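Engineer: Supplied structure: upload-v9.txt, compact mmCIF, C-alpha atoms and all ligand atoms.
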```txt
# COMPACT_ATOMS: atom_id res chain seq x y z
CA MET A 1 -148.94 48.64 0.38
CA PRO A 2 -147.20 49.75 3.58
CA ASP A 3 -143.52 49.08 3.99
CA VAL A 4 -142.11 47.03 6.88
CA ARG A 5 -141.36 50.10 9.00
CA HIS A 6 -144.85 51.54 8.78
CA ALA A 7 -146.58 48.20 9.21
CA LEU A 8 -144.60 47.71 12.42
CA MET A 9 -145.36 51.21 13.69
CA ALA A 10 -149.09 50.75 13.14
CA ALA A 11 -149.12 47.32 14.80
CA THR A 12 -147.03 48.57 17.75
CA ALA A 13 -149.57 51.34 18.33
CA ARG A 14 -152.38 48.77 18.41
CA LEU A 15 -150.60 46.19 20.59
CA GLY A 16 -148.62 48.52 22.85
CA GLU A 17 -145.55 46.26 22.43
CA ARG A 18 -143.00 46.67 19.66
CA ALA A 19 -141.52 43.25 20.45
CA ASP A 20 -144.88 41.52 19.94
CA ALA A 21 -145.45 43.35 16.63
CA GLU A 22 -142.00 42.25 15.40
CA LEU A 23 -142.48 38.61 16.36
CA LEU A 24 -145.84 38.48 14.58
CA LEU A 25 -144.54 40.19 11.43
CA LEU A 26 -141.49 37.92 11.28
CA HIS A 27 -143.82 34.94 11.65
CA ALA A 28 -146.00 36.19 8.76
CA LEU A 29 -142.82 36.64 6.69
CA GLN A 30 -141.19 33.40 7.88
CA GLN A 31 -138.01 35.36 8.61
CA GLU A 32 -135.57 35.61 11.52
CA ARG A 33 -135.14 38.83 13.47
CA SER A 34 -131.90 39.92 11.76
CA TRP A 35 -133.87 40.25 8.50
CA LEU A 36 -135.57 43.40 9.86
CA PHE A 37 -132.36 45.42 9.98
CA THR A 38 -131.85 45.26 6.23
CA HIS A 39 -135.45 45.23 5.00
CA ALA A 40 -137.22 48.07 6.84
CA ASP A 41 -138.07 49.78 3.52
CA ASP A 42 -139.39 46.66 1.75
CA GLU A 43 -143.01 46.72 0.73
CA LEU A 44 -145.11 43.95 2.23
CA ALA A 45 -146.69 41.56 -0.25
CA MET A 46 -150.49 41.45 -0.09
CA ASP A 47 -150.64 37.92 1.39
CA VAL A 48 -148.07 38.81 4.09
CA GLN A 49 -149.97 41.99 4.91
CA THR A 50 -153.23 39.99 5.29
CA ALA A 51 -151.60 37.30 7.44
CA PHE A 52 -149.98 39.96 9.64
CA GLN A 53 -153.28 41.84 10.13
CA GLN A 54 -154.97 38.60 11.20
CA LEU A 55 -152.21 37.84 13.71
CA VAL A 56 -152.36 41.36 15.15
CA ALA A 57 -156.15 41.09 15.52
CA ARG A 58 -155.84 37.76 17.35
CA ARG A 59 -153.16 39.19 19.66
CA GLU A 60 -155.42 42.21 20.32
CA ALA A 61 -158.18 39.77 21.29
CA GLY A 62 -155.83 38.22 23.85
CA GLU A 63 -154.09 35.18 22.31
CA PRO A 64 -150.50 34.82 23.54
CA VAL A 65 -147.80 35.66 20.98
CA ALA A 66 -146.09 32.31 21.56
CA TYR A 67 -149.24 30.41 20.51
CA LEU A 68 -149.67 32.62 17.44
CA THR A 69 -146.09 32.05 16.29
CA GLY A 70 -145.83 28.51 17.71
CA ARG A 71 -142.41 29.34 19.16
CA ARG A 72 -140.77 30.52 22.32
CA GLY A 73 -137.15 30.91 23.36
CA PHE A 74 -136.08 29.17 26.59
CA TRP A 75 -132.49 28.94 27.84
CA THR A 76 -130.51 28.68 24.56
CA LEU A 77 -133.25 26.79 22.72
CA ASP A 78 -135.90 27.90 20.26
CA LEU A 79 -138.88 25.71 21.24
CA GLU A 80 -142.13 24.79 19.57
CA VAL A 81 -145.12 25.49 21.81
CA THR A 82 -148.81 24.81 21.24
CA PRO A 83 -151.93 25.48 23.35
CA ALA A 84 -151.37 21.95 24.76
CA THR A 85 -148.24 23.18 26.54
CA LEU A 86 -147.51 25.89 29.05
CA ILE A 87 -145.49 28.74 27.52
CA PRO A 88 -142.03 28.46 29.14
CA ARG A 89 -141.24 31.43 31.38
CA PRO A 90 -137.87 33.16 31.83
CA GLU A 91 -138.19 32.69 35.65
CA THR A 92 -137.99 28.93 35.10
CA GLU A 93 -134.43 29.34 33.78
CA LEU A 94 -133.39 29.73 37.43
CA LEU A 95 -134.51 26.13 37.98
CA VAL A 96 -132.25 25.04 35.11
CA GLU A 97 -129.34 27.02 36.57
CA LEU A 98 -129.76 25.44 40.02
CA ALA A 99 -130.14 21.99 38.46
CA LEU A 100 -126.89 22.39 36.50
CA GLN A 101 -125.07 23.34 39.72
CA GLN A 102 -126.03 19.89 41.05
CA LEU A 103 -124.89 18.02 37.94
CA PRO A 104 -121.23 17.21 37.42
CA ASP A 105 -119.98 17.96 33.93
CA ARG A 106 -119.14 14.49 32.75
CA ALA A 107 -121.09 12.07 34.91
CA PRO A 108 -123.84 9.80 33.58
CA VAL A 109 -126.42 11.03 36.08
CA ASP A 110 -130.14 10.25 35.90
CA VAL A 111 -132.46 13.25 35.85
CA VAL A 112 -136.23 13.49 35.57
CA ASP A 113 -138.40 16.53 34.77
CA LEU A 114 -141.97 16.06 36.02
CA GLY A 115 -144.73 17.71 33.97
CA THR A 116 -142.34 18.56 31.18
CA GLY A 117 -144.85 20.34 28.90
CA SER A 118 -142.92 21.59 25.85
CA GLY A 119 -139.87 19.80 27.32
CA ALA A 120 -138.26 23.13 28.21
CA ILE A 121 -136.48 22.14 31.43
CA ALA A 122 -135.56 18.60 30.36
CA LEU A 123 -134.15 19.81 27.04
CA ALA A 124 -132.20 22.69 28.56
CA ILE A 125 -130.53 20.29 31.02
CA ALA A 126 -129.92 17.67 28.32
CA SER A 127 -128.30 20.29 26.08
CA GLU A 128 -125.88 21.39 28.82
CA ARG A 129 -125.08 17.90 30.12
CA PRO A 130 -124.67 15.51 27.17
CA GLN A 131 -123.66 12.69 29.55
CA ALA A 132 -126.81 12.99 31.65
CA ARG A 133 -129.75 10.68 30.96
CA VAL A 134 -132.82 12.88 31.14
CA ILE A 135 -136.46 11.76 31.23
CA GLY A 136 -139.46 14.08 30.94
CA THR A 137 -142.92 12.92 32.02
CA ASP A 138 -146.30 14.48 31.30
CA ALA A 139 -149.94 13.46 31.71
CA SER A 140 -150.76 15.12 28.37
CA VAL A 141 -150.10 13.07 25.23
CA ALA A 142 -150.40 16.24 23.14
CA ALA A 143 -147.72 17.99 25.20
CA LEU A 144 -145.39 14.98 24.90
CA ALA A 145 -145.66 15.10 21.11
CA VAL A 146 -144.47 18.72 21.22
CA ALA A 147 -141.63 17.84 23.63
CA ARG A 148 -140.46 15.00 21.35
CA ARG A 149 -140.45 17.28 18.31
CA ASN A 150 -138.40 19.80 20.31
CA ALA A 151 -135.84 17.10 21.18
CA GLN A 152 -135.57 16.16 17.50
CA ARG A 153 -135.31 19.74 16.35
CA HIS A 154 -132.33 20.25 18.64
CA HIS A 155 -130.82 16.78 18.04
CA LEU A 156 -130.90 15.94 21.74
CA ASP A 157 -130.80 12.17 21.99
CA ASN A 158 -130.01 11.93 25.73
CA VAL A 159 -133.60 12.77 26.64
CA THR A 160 -136.72 10.60 26.45
CA PHE A 161 -140.33 11.42 27.19
CA VAL A 162 -142.83 9.14 28.89
CA HIS A 163 -146.55 9.43 29.46
CA GLY A 164 -148.09 9.54 32.91
CA ASP A 165 -148.78 11.47 36.08
CA TRP A 166 -145.62 12.74 37.78
CA LEU A 167 -143.49 9.70 38.73
CA ALA A 168 -146.20 7.09 38.07
CA PRO A 169 -144.64 5.82 34.80
CA LEU A 170 -141.22 5.40 36.48
CA ALA A 171 -142.07 2.78 39.10
CA GLY A 172 -138.94 1.24 40.63
CA GLN A 173 -136.53 3.73 38.99
CA GLN A 174 -134.10 5.88 40.97
CA PHE A 175 -132.70 9.28 40.06
CA ASP A 176 -129.93 11.65 41.10
CA LEU A 177 -132.04 14.74 40.47
CA ILE A 178 -135.77 15.33 40.15
CA VAL A 179 -136.92 18.74 38.88
CA SER A 180 -140.37 20.15 38.19
CA ASN A 181 -142.25 23.32 37.37
CA PRO A 182 -145.61 21.98 38.55
CA PRO A 183 -148.94 23.81 38.57
CA TYR A 184 -149.03 25.90 41.74
CA ILE A 185 -151.67 28.62 41.32
CA GLU A 186 -154.59 28.70 43.76
CA ALA A 187 -157.75 27.44 42.04
CA ALA A 188 -159.63 30.69 42.85
CA ASP A 189 -156.83 33.05 41.73
CA PRO A 190 -158.44 35.70 39.49
CA HIS A 191 -155.33 35.76 37.23
CA LEU A 192 -156.40 32.39 35.82
CA VAL A 193 -159.24 34.07 33.91
CA GLN A 194 -157.21 37.09 32.76
CA GLY A 195 -154.63 37.81 30.06
CA ASP A 196 -152.45 35.09 28.56
CA LEU A 197 -153.17 32.58 31.35
CA ARG A 198 -156.75 32.15 30.02
CA HIS A 199 -155.29 30.46 26.94
CA GLU A 200 -152.88 28.08 28.67
CA PRO A 201 -153.83 24.56 29.85
CA ALA A 202 -155.57 24.86 33.24
CA SER A 203 -153.97 21.57 34.32
CA ALA A 204 -150.52 23.17 33.87
CA LEU A 205 -151.38 26.16 36.07
CA ALA A 206 -153.79 25.51 38.94
CA SER A 207 -153.51 23.00 41.76
CA GLY A 208 -156.26 22.94 44.39
CA ASP A 209 -157.41 25.55 46.90
CA ASP A 210 -153.95 26.52 48.16
CA GLY A 211 -152.11 25.74 44.90
CA LEU A 212 -150.06 23.04 46.64
CA ASP A 213 -151.93 19.81 45.79
CA ASP A 214 -149.44 18.68 43.13
CA ILE A 215 -146.39 19.84 45.08
CA ARG A 216 -147.54 17.79 48.12
CA ARG A 217 -147.79 14.68 45.96
CA ILE A 218 -144.48 15.28 44.14
CA LEU A 219 -142.60 15.78 47.42
CA VAL A 220 -143.75 12.49 48.86
CA ASP A 221 -143.34 10.44 45.66
CA ALA A 222 -139.93 11.92 44.79
CA HIS A 223 -138.53 10.86 48.14
CA HIS A 224 -138.88 7.17 47.09
CA HIS A 225 -137.29 7.80 43.69
CA LEU A 226 -134.10 9.60 44.78
CA ARG A 227 -130.77 7.85 45.31
CA PRO A 228 -129.01 8.63 48.60
CA GLY A 229 -127.78 12.22 48.32
CA GLY A 230 -130.16 12.88 45.40
CA ARG A 231 -132.03 16.16 45.21
CA LEU A 232 -135.48 17.49 44.41
CA LEU A 233 -135.83 21.03 43.01
CA PHE A 234 -139.10 22.64 42.01
CA GLU A 235 -140.66 25.98 41.17
CA HIS A 236 -143.51 27.53 43.18
CA GLY A 237 -145.33 30.81 43.80
CA TRP A 238 -143.66 33.82 45.43
CA ASN A 239 -145.85 33.41 48.54
CA GLN A 240 -145.39 29.65 48.96
CA GLY A 241 -141.75 29.49 50.13
CA GLU A 242 -142.47 29.04 53.81
CA ALA A 243 -145.23 26.49 53.19
CA VAL A 244 -143.12 24.34 50.84
CA ARG A 245 -140.08 24.41 53.14
CA GLY A 246 -142.38 23.09 55.85
CA LEU A 247 -143.67 20.36 53.55
CA LEU A 248 -140.13 19.39 52.51
CA ALA A 249 -138.98 19.08 56.12
CA GLN A 250 -142.09 17.10 57.02
CA ALA A 251 -141.46 14.69 54.12
CA GLY A 252 -137.94 14.05 55.49
CA TYR A 253 -135.75 16.11 53.14
CA ALA A 254 -132.44 17.52 54.43
CA ASP A 255 -130.70 20.77 53.37
CA VAL A 256 -134.06 22.39 52.63
CA PHE A 257 -133.63 25.74 50.88
CA THR A 258 -135.43 28.37 48.82
CA ALA A 259 -133.82 30.42 46.03
CA GLN A 260 -135.14 33.80 44.93
CA ASP A 261 -135.57 35.08 41.39
CA LEU A 262 -134.12 38.33 40.01
CA GLU A 263 -136.98 40.23 41.60
CA LEU A 264 -136.00 38.74 44.97
CA ARG A 265 -139.14 36.69 45.28
CA ASP A 266 -139.16 33.09 46.54
CA ARG A 267 -139.24 30.97 43.39
CA ILE A 268 -137.47 27.59 43.69
CA SER A 269 -137.22 25.29 46.70
CA GLY A 270 -135.66 21.93 47.22
CA GLY A 271 -133.94 19.45 49.44
CA ARG A 272 -131.83 16.31 49.57
CA VAL A 273 -132.58 12.79 50.72
N1 LIG B 301 -141.96 22.19 32.45
C1 LIG B 301 -142.69 23.04 31.57
C2 LIG B 301 -142.24 24.48 31.72
O1 LIG B 301 -141.65 24.84 32.69
C3 LIG B 301 -144.18 22.93 31.79
C4 LIG B 301 -144.61 23.27 33.19
C5 LIG B 301 -146.10 23.16 33.39
O2 LIG B 301 -146.84 22.78 32.46
N2 LIG B 301 -146.54 23.49 34.58
O3 LIG B 301 -142.45 25.28 30.85
```
Just dump the structure as structure tokens.

Structural biologist:
Amino acid sequence: MPDVRHALMAATARLGERADAELLLLHALQQERSWLFTHADDELAMDVQTAFQQLVARREAGEPVAYLTGRRGFWTLDLEVTPATLIPRPETELLVELALQQLPDRAPVDVVDLGTGSGAIALAIASERPQARVIGTDASVAALAVARRNAQRHHLDNVTFVHGDWLAPLAGQQFDLIVSNPPYIEAADPHLVQGDLRHEPASALASGDDGLDDIRRILVDAHHHLRPGGRLLFEHGWNQGEAVRGLLAQAGYADVFTAQDLELRDRISGGRV
């Protein structure tokens, strides 16, 4: 039987990523990362070795690590993810940061996260603003089940999840802040049939010929659901900044802006009513 160190070296050579090999081995072992530092010389039990080899083979065939382990870190939270949910991306943490800047520390504000998926954005905001009332919506019942389990796992009781398209289930309700990481990839983008994206829900990724179908709808609907002074903030593609600022202005938003990610690419835009 190989020991932990050699099993990891062999898997890293196959996968090209030490971090992926570690996550898969820790999943096979049901251990946390700190375990590795003190157990590098342990021999792997036969059943762990078999489980690990199967995970490595599936990763080699293209399945995302987060779906193989069923987990992904976002903000400060360890989240459950399944193939019914998008895998939360680190870029989306910028949306959380900008949202928190809009939310006073101790005010009972109303926030909604449209297309919440695993609940990543809604839960991150709820965890940082215990006084905020946060709602996440999603058109996928399977995704909502994951989001609800994530809320329970982190004991966040200031967030609820409701089923439906964008704001449709919230008729007549008004919010101080509406956030979303909607699908925004162009339907013909070749990335959709490559790499990890192949395994993620198409409805969470693509949105019409120019990628803006859902954003157009969200912009218009959100305007009716914001209190005076309320804000909309959403993520989009690096090449969509100019187009979405135009759409925001056209829909009547004030203080229209775009924020760039760490790689200085347009990433989040928004405005105020
Ligand atoms: N809000 C979720 C996330 O950012 C899901 C987004 C989506 O499915 N497009 O991870």

Engineer: Between A:Asp47, A:Asp42, A:Glu93, A:Glu186, which has the minimum distance to ligand LIG 301 (chain B) (counting only C-alpha atoms and all ligand atoms)?

Structural biologist: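 That would be A:Glu93, the residue with the smallest distance to ligand LIG 301 (chain B).
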
Engineer: Just how far from CA of Gln31 in chain A is CA of His154 in chain A, in Å to one decimal?

Structural biologist: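 CA of Gln31 in chain A lies 19.0 Å from CA of His154 in chain A.
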
Engineer: What's the separation between CA of Gly237 in chain A and CA of Leu123 in chain A, in Å to one decimal place?

Structural biologist: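 That distance, rounded to one decimal, is 23.0 Å.
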
Engineer: Give me, as a list in words, the set of residues whose atoms come within 8 Å of any atom of ligand LIG 301 (chain B), counting all atoms listed in the file.

Structural biologist: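 The neighbouring residues of ligand LIG 301 (chain B) are, in order, Thr85, Leu86, Ile87, Pro88, Arg89, Thr92, Asp113, Leu114, Gly115, Thr116, Gly117, Ser118, Gly119, Ala120, Ile121, Ala122, Ser180, Asn181, Pro182, Pro183, Tyr184, Pro201, Ser203, Ala204 and Leu205 of chain A.
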
Engineer: Using all atoms listed in the file, determine which residues lie at most 10 Å from His6 in chain A, disregarding the query and same-chain residues fewer than 6 positions distant; provide the list as a ChimeraX atom specification.

Structural biologist: /A:12,40-41,43

Engineer: Quick one: residues within 9 Å of Ala28 in chain A, all atoms listed in the file, excluding same-chain residues fewer than 2 positions away - as a PyMOL selection string?

Structural biologist: chain A and resi 23-26+30-31+47-52+55+69

Engineer: What is the distance, in Å and to one decimal place, between CA of Val159 in chain A and CA of Glu128 in chain A?

Structural biologist: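 Straight-line distance from CA of Val159 in chain A to CA of Glu128 in chain A works out to 11.8 Å.
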
Engineer: Which one is closest to Ala147 in chain A: A:Val96, A:Met1, A:Ala202, A:Ala84? Count only C-alpha atoms.

Structural biologist: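 Closest to Ala147 in chain A, using only C-alpha atoms: A:Ala84.
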
Engineer: What lies within 12 Å of Gly172 in chain A using only C-alpha atoms, ignoring chain neighbours under 2 positions off, as a PyMOL selection string?

Structural biologist: chain A and resi 167-170+174-175+221-222+224-227

Engineer: Identify, on the basis of all atoms listed in the file, every residue whose closest approach to Arg153 in chain A does not exceed 10 Å; exclude the query and any residue fewer than 5 positions from it along the same chain; express the result as an MDAnalysis selection string.

Structural biologist: chainID A and resid 77:80 147:148

Engineer: Using all atoms listed in the file, can you tell me which of A:Ala126, A:Pro228, A:Leu15, A:Asp20 comes closest to Arg272 in chain A?

Structural biologist: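 Between A:Ala126, A:Pro228, A:Leu15, A:Asp20, the residue approaching Arg272 in chain A most closely is A:Pro228.
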
Engineer: From the set A:Arg72, A:Arg216, A:Arg231, A:Arg267, which residue has the shortest atom-to-atom contact distance to Val112 in chain A, counting only C-alpha atoms?

Structural biologist: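 With only C-alpha atoms as the atom set, the closest residue is A:Arg231.
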
Engineer: Considering all atoms listed in the file, can you say which of A:Glu91, A:Asp189, A:Glu17, A:Asp157 comes closest to Gln260 in chain A?

Structural biologist: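 When distances to Gln260 in chain A are compared using all atoms listed in the file, the smallest one comes from A:Glu91.
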